Each structure stands twice: as structure tokens, then as C-alpha cells.
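For reference, input-v8.txt (compact mmCIF, C-alpha atoms):
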# COMPACT_ATOMS: atom_id res chain seq x y z
CA MET A 165 98.14 106.31 98.00
CA MET A 166 99.88 104.45 95.18
CA PRO A 167 103.70 104.41 95.48
CA ALA A 168 105.57 106.55 92.98
CA ILE A 169 106.78 104.63 89.95
CA PRO A 170 110.44 105.37 89.15
CA VAL A 171 110.95 106.95 85.73
CA ASP A 172 113.70 105.79 83.41
CA GLN A 173 115.22 109.13 82.44
CA ASP A 174 117.17 107.64 79.52
CA ALA A 175 113.91 106.42 77.94
CA LEU A 176 112.39 109.91 77.96
CA PRO A 177 112.72 112.41 75.08
CA ALA A 178 115.69 114.77 75.51
CA ASN A 179 113.45 117.76 76.31
CA LEU A 180 111.81 115.90 79.23
CA ARG A 181 114.93 114.48 80.92
CA ARG A 182 116.39 115.93 84.06
CA PRO A 183 119.75 117.64 83.52
CA THR A 184 122.77 115.65 84.62
CA LEU A 185 123.64 118.48 87.02
CA ALA A 186 121.73 121.53 88.21
CA VAL A 187 123.51 123.90 90.59
CA GLU A 188 121.18 126.39 92.28
CA ASP A 189 122.41 129.41 94.27
CA LEU A 190 125.54 127.60 95.46
CA ARG A 191 127.46 129.41 98.21
CA THR A 192 130.81 128.29 99.64
CA HIS A 193 132.58 130.33 102.31
CA PHE A 194 135.96 130.08 104.03
CA LEU A 195 136.11 131.37 107.59
CA GLY A 196 139.02 133.67 108.42
CA ARG A 197 140.04 136.29 110.96
CA SER A 198 138.57 139.04 108.77
CA GLY A 199 135.26 137.23 108.40
CA PRO A 200 133.98 134.77 105.81
CA ALA A 201 135.58 134.73 102.37
CA ARG A 202 132.78 134.27 99.84
CA ALA A 203 134.66 132.12 97.34
CA VAL A 204 131.43 130.99 95.64
CA ASP A 205 128.62 133.50 96.04
CA GLY A 206 125.32 132.42 94.49
CA VAL A 207 126.33 130.34 91.48
CA SER A 208 123.64 128.69 89.33
CA PHE A 209 124.00 126.66 86.13
CA ARG A 210 122.84 123.44 84.44
CA VAL A 211 124.68 120.76 82.48
CA GLU A 212 122.55 118.57 80.22
CA GLN A 213 123.30 114.96 79.31
CA GLY A 214 126.24 114.80 76.90
CA GLU A 215 126.85 118.55 77.16
CA ILE A 216 130.24 120.22 77.69
CA LEU A 217 130.19 123.37 79.84
CA GLY A 218 133.25 125.62 79.93
CA LEU A 219 133.68 127.39 83.29
CA VAL A 220 135.96 130.36 82.60
CA GLY A 221 137.53 133.13 84.65
CA GLU A 222 140.71 134.59 86.12
CA SER A 223 142.60 132.88 88.93
CA GLY A 224 140.71 133.38 92.18
CA SER A 225 137.30 133.74 90.54
CA GLY A 226 135.93 130.63 92.29
CA LYS A 227 136.03 128.09 89.46
CA SER A 228 137.97 125.37 91.26
CA VAL A 229 136.07 125.87 94.52
CA THR A 230 132.83 125.42 92.56
CA GLY A 231 134.09 122.08 91.24
CA ALA A 232 135.28 120.96 94.70
CA SER A 233 131.92 121.97 96.21
CA ILE A 234 130.04 119.78 93.73
CA MET A 235 132.30 116.84 94.58
CA GLY A 236 131.98 117.40 98.34
CA LEU A 237 135.73 117.98 98.62
CA VAL A 238 135.79 121.35 100.40
CA ASP A 239 137.87 121.03 103.56
CA LYS A 240 137.74 123.16 106.68
CA PRO A 241 137.75 126.11 107.13
CA GLY A 242 135.71 125.99 103.93
CA GLU A 243 132.03 125.05 103.97
CA VAL A 244 129.13 124.92 101.53
CA VAL A 245 126.67 127.19 103.33
CA GLY A 246 123.79 127.42 100.87
CA GLY A 247 122.20 126.28 97.63
CA ARG A 248 121.40 122.93 96.04
CA ILE A 249 123.53 120.57 93.96
CA LEU A 250 121.13 118.36 92.01
CA PHE A 251 122.73 115.35 90.34
CA LYS A 252 120.14 113.47 88.29
CA GLY A 253 117.52 115.15 90.47
CA ASP A 254 119.10 114.15 93.83
CA ASN A 255 120.48 116.85 96.11
CA LEU A 256 124.10 115.89 96.83
CA ARG A 257 124.12 118.13 99.90
CA GLU A 258 121.81 115.61 101.55
CA TYR A 259 124.19 112.68 100.96
CA ASP A 260 126.28 111.38 103.84
CA ARG A 261 130.03 110.85 103.50
CA GLU A 262 129.81 107.16 102.58
CA ARG A 263 127.18 107.73 99.92
CA LEU A 264 129.28 110.51 98.39
CA ARG A 265 132.35 108.25 98.43
CA GLN A 266 130.45 105.61 96.42
CA LEU A 267 129.42 108.28 93.92
CA ARG A 268 132.87 109.79 93.42
CA GLY A 269 135.03 108.00 90.88
CA ASN A 270 132.02 106.03 89.68
CA ARG A 271 129.19 108.25 88.47
CA ILE A 272 131.04 111.54 89.05
CA ALA A 273 134.78 111.87 88.40
CA MET A 274 137.16 114.78 88.83
CA ILE A 275 140.44 115.49 87.05
CA PHE A 276 142.70 117.76 89.09
CA GLN A 277 145.27 120.20 87.78
CA ASP A 278 147.97 118.44 89.83
CA PRO A 279 148.01 114.74 88.87
CA MET A 280 149.63 113.76 92.18
CA MET A 281 146.33 114.59 93.86
CA THR A 282 145.02 111.53 92.02
CA LEU A 283 148.05 109.21 91.97
CA ASN A 284 149.60 107.37 94.92
CA PRO A 285 153.41 107.64 94.57
CA VAL A 286 154.12 104.22 96.16
CA LEU A 287 151.71 102.09 94.09
CA ARG A 288 152.14 100.88 90.52
CA ILE A 289 149.85 102.35 87.87
CA ASP A 290 148.07 99.03 87.23
CA THR A 291 147.31 98.61 90.93
CA GLN A 292 145.77 102.07 91.16
CA MET A 293 143.73 101.77 87.99
CA ILE A 294 142.40 98.26 88.65
CA GLU A 295 141.45 99.17 92.23
CA ALA A 296 139.55 102.20 90.90
CA ILE A 297 137.47 99.82 88.79
CA LEU A 298 136.97 97.08 91.38
CA ALA A 299 135.86 99.59 94.02
CA HIS A 300 132.68 100.20 92.03
CA GLU A 301 132.21 97.21 89.74
CA ARG A 302 132.35 93.44 90.19
CA ILE A 303 134.61 92.26 87.40
CA GLY A 304 137.75 90.16 87.48
CA LYS A 305 141.24 91.63 87.62
CA PRO A 306 142.07 90.47 84.07
CA ALA A 307 139.08 92.36 82.68
CA GLY A 308 140.00 95.38 84.81
CA ARG A 309 143.55 95.24 83.48
CA VAL A 310 142.32 95.24 79.88
CA ARG A 311 140.13 98.29 80.57
CA ALA A 312 143.04 100.09 82.26
CA ARG A 313 145.33 99.35 79.31
CA ASP A 314 142.73 100.63 76.82
CA ALA A 315 142.23 103.80 78.89
CA LEU A 316 145.97 104.55 78.79
CA SER A 317 145.98 104.02 75.04
CA ARG A 318 143.06 106.45 74.59
CA VAL A 319 144.98 109.29 76.24
CA GLY A 320 148.03 108.79 74.02
CA ILE A 321 150.41 106.77 76.21
CA ALA A 322 152.64 104.55 74.07
CA SER A 323 153.21 100.91 75.06
CA PRO A 324 150.34 100.96 77.59
CA GLU A 325 150.86 97.32 78.65
CA GLU A 326 154.43 98.09 79.76
CA ARG A 327 153.46 101.38 81.37
CA LEU A 328 150.97 99.64 83.65
CA HIS A 329 153.96 98.21 85.55
CA ALA A 330 155.50 101.66 86.16
CA TYR A 331 155.31 103.91 89.22
CA PRO A 332 154.22 107.58 89.01
CA HIS A 333 157.80 108.88 89.48
CA GLN A 334 158.80 107.07 86.30
CA PHE A 335 156.50 109.31 84.25
CA SER A 336 156.99 112.91 83.20
CA GLY A 337 154.57 115.51 84.55
CA GLY A 338 152.57 115.52 81.33
CA MET A 339 152.33 111.72 81.26
CA ARG A 340 151.20 111.63 84.90
CA GLN A 341 148.40 114.01 83.96
CA ARG A 342 147.36 111.70 81.12
CA VAL A 343 147.24 108.77 83.57
CA ALA A 344 145.01 110.85 85.88
CA ILE A 345 142.69 111.58 82.96
CA ALA A 346 142.62 107.88 82.06
CA ILE A 347 141.60 106.99 85.63
CA ALA A 348 138.70 109.46 85.42
CA LEU A 349 137.48 107.73 82.26
CA LEU A 350 137.68 104.17 83.64
CA ASN A 351 134.14 103.80 85.00
CA ARG A 352 132.42 105.77 82.23
CA PRO A 353 130.96 108.35 84.64
CA ASP A 354 127.81 110.41 84.03
CA LEU A 355 129.67 113.62 84.91
CA ILE A 356 133.35 114.61 84.74
CA ILE A 357 134.67 117.81 86.34
CA ALA A 358 138.04 118.71 84.78
CA ASP A 359 140.03 121.41 86.60
CA GLU A 360 142.51 122.69 83.98
CA PRO A 361 143.80 119.17 83.30
CA THR A 362 145.77 119.99 80.13
CA THR A 363 147.80 122.92 81.46
CA ALA A 364 150.99 120.81 81.71
CA LEU A 365 150.55 119.13 78.31
CA ASP A 366 152.03 120.20 75.00
CA VAL A 367 149.71 121.45 72.28
CA THR A 368 149.64 118.19 70.30
CA ILE A 369 148.71 116.02 73.29
CA GLN A 370 146.27 118.67 74.49
CA ALA A 371 144.44 118.52 71.16
CA GLN A 372 144.32 114.72 71.38
CA ILE A 373 142.87 114.81 74.91
CA LEU A 374 140.25 117.40 73.92
CA HIS A 375 139.24 115.25 70.95
CA GLU A 376 138.90 112.19 73.19
CA MET A 377 136.80 114.09 75.72
CA GLN A 378 134.47 115.34 73.00
CA ALA A 379 134.14 111.83 71.56
CA LEU A 380 133.38 110.43 75.04
CA CYS A 381 130.57 112.94 75.58
CA ARG A 382 129.07 112.24 72.15
CA GLU A 383 129.26 108.45 72.37
CA SER A 384 128.31 107.80 76.00
CA GLY A 385 126.27 110.87 76.96
CA THR A 386 128.79 111.83 79.66
CA SER A 387 128.48 115.45 80.77
CA LEU A 388 131.64 117.50 81.21
CA ILE A 389 132.51 120.67 83.14
CA TRP A 390 135.83 122.02 81.84
CA ILE A 391 137.33 124.56 84.25
CA THR A 392 139.90 126.81 82.59
CA HIS A 393 141.19 130.33 82.10
CA ASP A 394 141.93 129.61 78.42
CA LEU A 395 139.13 130.84 76.19
CA ALA A 396 140.89 129.40 73.14
CA VAL A 397 140.45 125.87 74.53
CA VAL A 398 136.82 126.52 75.40
CA ALA A 399 136.07 127.86 71.91
CA GLY A 400 136.93 124.53 70.32
CA LEU A 401 135.61 122.25 73.07
CA ALA A 402 132.53 123.49 74.90
CA ASP A 403 128.87 123.64 73.89
CA ARG A 404 128.14 126.35 76.46
CA VAL A 405 130.27 128.80 78.46
CA ALA A 406 129.79 130.28 81.93
CA VAL A 407 132.08 133.20 82.84
CA MET A 408 132.89 133.61 86.55
CA TYR A 409 134.13 136.70 88.36
CA ALA A 410 134.49 137.19 92.13
CA GLY A 411 132.55 134.03 92.97
CA ARG A 412 129.63 134.72 90.63
CA ILE A 413 128.66 133.85 87.09
CA VAL A 414 128.39 137.13 85.21
CA GLU A 415 127.49 135.75 81.78
CA GLN A 416 126.57 132.37 80.35
CA GLY A 417 125.26 131.17 77.03
CA SER A 418 126.21 129.10 74.02
CA THR A 419 129.87 129.11 73.01
CA ALA A 420 129.05 130.94 69.79
CA GLN A 421 127.20 133.67 71.71
CA ILE A 422 130.02 134.22 74.20
CA ILE A 423 132.95 134.02 71.79
CA GLU A 424 131.42 135.96 68.91
CA SER A 425 129.46 138.63 70.80
CA ALA A 426 130.39 138.92 74.47
CA ARG A 427 127.94 141.21 76.28
CA HIS A 428 129.42 141.57 79.76
CA PRO A 429 132.37 144.02 80.01
CA TYR A 430 134.42 141.44 81.91
CA THR A 431 133.87 138.78 79.24
CA ARG A 432 134.80 141.32 76.58
CA ALA A 433 137.96 142.21 78.52
CA LEU A 434 138.93 138.53 78.70
CA MET A 435 138.44 138.21 74.95
CA ASP A 436 140.50 141.33 74.25
CA SER A 437 143.40 140.06 76.37
CA ILE A 438 143.90 136.99 74.15
CA PRO A 439 147.07 137.37 72.03
CA SER A 440 146.19 137.75 68.36
CA ARG A 441 148.23 137.65 65.17
CA GLY A 442 146.14 140.57 63.92
CA VAL A 443 147.79 143.00 66.34
CA ARG A 444 151.42 141.95 65.93
CA GLY A 445 153.89 144.47 67.32
CA GLN A 446 151.33 146.12 69.61
CA PRO A 447 151.29 145.76 73.42
CA LEU A 448 149.00 143.05 74.75
CA ARG A 449 145.81 144.31 76.34
CA GLN A 450 145.24 143.69 80.01
CA ILE A 451 142.39 144.19 82.45
CA PRO A 452 143.25 147.15 84.71
CA GLY A 453 143.27 146.81 88.48
CA SER A 454 142.96 143.67 90.59
CA PRO A 455 140.02 141.46 91.59
CA GLN A 456 138.29 142.32 94.85
CA SER A 457 139.21 140.39 97.96
CA PRO A 458 136.65 137.70 98.87
CA PHE A 459 136.80 138.96 102.47
CA ASN A 460 134.18 141.61 103.26
CA ARG A 461 133.39 142.15 99.61
CA PRO A 462 131.26 145.31 99.21
CA SER A 463 127.77 145.16 97.76
CA GLY A 464 127.09 145.99 94.15
CA CYS A 465 128.86 144.84 91.01
CA ALA A 466 132.24 143.33 91.92
CA PHE A 467 133.72 144.37 88.56
CA ARG A 468 132.79 148.05 88.81
CA ASP A 469 136.24 149.29 89.93
CA ARG A 470 137.81 147.79 86.78
CA CYS A 471 134.97 148.45 84.35
CA PRO A 472 135.03 151.40 81.89
CA ARG A 473 131.21 151.35 81.69
CA ALA A 474 130.55 151.58 85.44
CA THR A 475 128.11 154.22 86.78
CA GLN A 476 126.41 154.96 90.11
CA ALA A 477 123.88 152.26 89.27
CA CYS A 478 126.66 149.66 89.67
CA LEU A 479 126.77 150.37 93.42
CA GLN A 480 123.65 148.19 93.54
CA GLU A 481 123.61 144.45 92.94
CA PRO A 482 122.89 143.79 89.24
CA PRO A 483 120.11 141.22 88.78
CA VAL A 484 120.40 138.19 86.50
CA THR A 485 118.53 138.79 83.27
CA VAL A 486 117.67 136.23 80.58
CA GLU A 487 117.80 137.65 77.06
CA GLN A 488 115.76 136.56 74.07
CA ASP A 489 118.52 134.30 72.78
CA GLY A 490 118.68 132.47 76.13
CA ARG A 491 121.87 134.14 77.30
CA GLU A 492 122.02 134.94 81.05
CA LEU A 493 123.68 138.20 82.04
CA ARG A 494 124.45 140.01 85.29
CA CYS A 495 125.14 143.63 84.27
CA PHE A 496 123.46 147.06 84.25
CA HIS A 497 125.39 148.24 81.18
CA PRO A 498 125.91 145.32 78.79
CA ILE A 499 127.72 145.83 75.51
CA ILE A 500 125.12 146.31 72.78
CA ALA A 501 127.22 145.84 69.66
CA ALA A 502 130.28 143.78 70.53
CA ALA A 503 133.38 143.94 68.37
CA THR A 504 134.50 140.97 66.37
CA ALA A 505 136.19 138.39 68.59
CA PRO A 506 140.00 138.15 68.24
CA ALA A 507 141.37 135.35 66.12

Mind converting the file's structure to C-alpha cells?
Amino acid sequence: MMPAIPVDQDALPANLRRPTLAVEDLRTHFLGRSGPARAVDGVSFRVEQGEILGLVGESGSGKSVTGASIMGLVDKPGEVVGGRILFKGDNLREYDRERLRQLRGNRIAMIFQDPMMTLNPVLRIDTQMIEAILAHERIGKPAGRVRARDALSRVGIASPEERLHAYPHQFSGGMRQRVAIAIALLNRPDLIIADEPTTALDVTIQAQILHEMQALCRESGTSLIWITHDLAVVAGLADRVAVMYAGRIVEQGSTAQIIESARHPYTRALMDSIPSRGVRGQPLRQIPGSPQSPFNRPSGCAFRDRCPRATQACLQEPPVTVEQDGRELRCFHPIIAAATAPA
């Protein structure tokens, strides 16, 4: 039998390339005294080359655990118990610890919400950034220093040459987050997972970072998963949106589809809770009730106790349906004619 000839994916037409990432039926549980907590419970999505996917949901919906599961950063008592994580066609769940370590920070990078999860408080910024480059690439320290300086400049840090000599405690919280973002960009990864990285930044710097991330994806083909609870950020950043609730994706589609005509009642409730200038003087809308506990979660639709459209049918597990426009939906009673999205 002739040996298989490796295929250069970049040389193929866009419609024939493998996606940068394909997550299939991912399940991550945390063991506790009351049984396993199903933090991620059957999540599936794809991210194409150069595409930006917004992963949206309330706190506790499983967004961050999904990102950590992809990176292989789930610590005990957590464990990925099922599914496949296909990066460029390779199942990351089959990688050993050393192979994953070589992948992280090089071809896959993660930006955490807390920058001190990235930065070492006792090392200068230049030391940390240059080591991040040299760990994966054989270039001299002078060339690494130039790349580190340019990365700081791209994320809006003034006097980047001087700032390379500083320690993390000499930066404000927002500037530390910008350094963490710069480190993620150093090795021009194929995939970046950003876990609410602009929460601590002011609006002006946030807009600059979002612009830089979009430019990076366009120019280099880097794929981006942007984890957030802020639909306003996703509306101006992402190509596609996946909405998570109780460890599952309940609706996903193009950004225009989700923002302009949300079909799942939970997505619609998230849209309605956004403050709008069009309803000045009126109380802000909120989603009634609380999310279900991940421990011993009952069968059926997890949103049914908070949903105004729920019926007896919602006691059963709603299947995933693919609509004619390509939108994926997990609901027995989707909204047929959605209201205009808030400004």
C-alpha cells in the first residue's frame, strides 16, 4: 500500500480546507460530593481559518471551561470525559502533556481574564516575552526583543522600549492585560482563545484591541474564539456567534442572524437585557430566576424554568436542528418573528 501523501491545507481552496478547530460533543465534568457537575455538556462548534467566533452566555454557562478544555488546562477535580477536539484535523485529546505544552503559546494561545495568570510577578516584561518566543522559535535575543517591542506597540502601550524593562507591578491592571494580549500575539498562532480579555480596559483601549484582533485575523488567517457576556462587543467583532446556557450551545449562527433575529428564547432574553437609549427612564429588563445547578441537572431543556414559552414538551431534551439559513438551534418553541434588536 502506498503511504499517504500529506496535504498542504493552505494550498487548498477555502471550501476544501479543514477548519482550524472542530469541537464535537465536548463534555467536561467536575466531581463533587453531590455527583458530577456537568460544566460542559455536549458542546459542538467549528472555527474556520481566519474566522472570529463569539462564545456568549451568562456567568456559569460553561464558556471559560470550554476554552480551558480545548487548551488542556482543566485541573482536578475537573476532567474532559467525552468528545473530540480537532485542531487542524488532529484530536488534541490524544496528545500527551509534552506535546500539548509545545502547542500552547505557539500554535494555540490563550488570553485569560486575569493577566497575572499569564505574567510572572518577579520577572521583567522583556524576559517573559523573549522567553515566550525562544521557547518555540530559534531566533536571536535581539530579534526577539524587536518582536516583543512591536507587540507592545500594537496593543497601545506607549514607549514600548522603556516598558520592556518594567516589572508587572509597575503597570496598571489595564496595562498588564494589554501585555498579556501582546504575549499571545508574539508567535502568530493559528488559534487564539480570548476569555473576556478586555473587561478591565476602558472603552477607547478596548476598541483599539478589538481592531487589532480583527486585523490580525484578516492578515494572517488566525482564528479567534472570543469568550464574553457582552453582546455589544460580539456584534462589532465576531463573524459567528454561539450562545451557551447550562453547559450547552442553544443557538449558533452568523452574527447578523443572532443579533438581528434571535430565535432561542434565552438569546432573545439576553438581547432584551442590554441597556438601550430607546427605553430611557424605564426599568432594565432582566431574565427571571436563576440558572440551574450543574450538579444533578434534570433532563429536558435547562432553560424551561425561566422561559415564558415553556410547555410540557420541554421536559424532554430538545434536539439540535439546522435551519435553512444554516443556523443551529436547540429549542422546541423558537421565536418565529423576532423583534428588532435593541440599539

Give me, as a Markdown table, each residue of segment 349-431 of chain A that comes within 8 Å of segment 450-472 of chain A, together with its shortest interatomic pair and the distance in Å at one decimal, counting only C-alpha atoms, with rows ordered by chain and rising residue number.
| residue | atom | partner | partner_atom | distance |
| --- | --- | --- | --- | --- |
| A:Tyr409 | CA | A:Phe467 | CA | 7.7 |
| A:Ala410 | CA | A:Ala466 | CA | 6.5 |
| A:Pro429 | CA | A:Cys471 | CA | 6.7 |
| A:Tyr430 | CA | A:Phe467 | CA | 7.3 |

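Between atom CA of Tyr259 of chain A and atom CA of Ile347 of chain A there is a distance of 23.9 Å.
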
For segment 291-295 of chain A, find every residue with an atom within 7 Å (counting all atoms listed in the file), except residues of its own chain fewer than 6 positions away, and show them as a compact mmCIF listing (two decimals) with C-alpha atoms, keeping the file's coordinate frame.
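Resulting contents of result09.txt:
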# COMPACT_ATOMS: atom_id res chain seq x y z
CA LYS A 305 141.24 91.63 87.62
CA GLY A 308 140.00 95.38 84.81
CA ARG A 309 143.55 95.24 83.48
CA ALA A 312 143.04 100.09 82.26
CA ILE A 347 141.60 106.99 85.63

_as a ChimeraX atom specification, please: the residues near Val207 of chain A (cut-off 12 Å, only C-alpha atoms, same-chain neighbours under 4 positions excluded)._
/A:186-192,202-203,219,225-227,229-231,233-234,244,246-249,406-416,484,494

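Take atom CA of Ile389 of chain A and atom CA of Ile499 of chain A: the distance between them is 26.7 Å.
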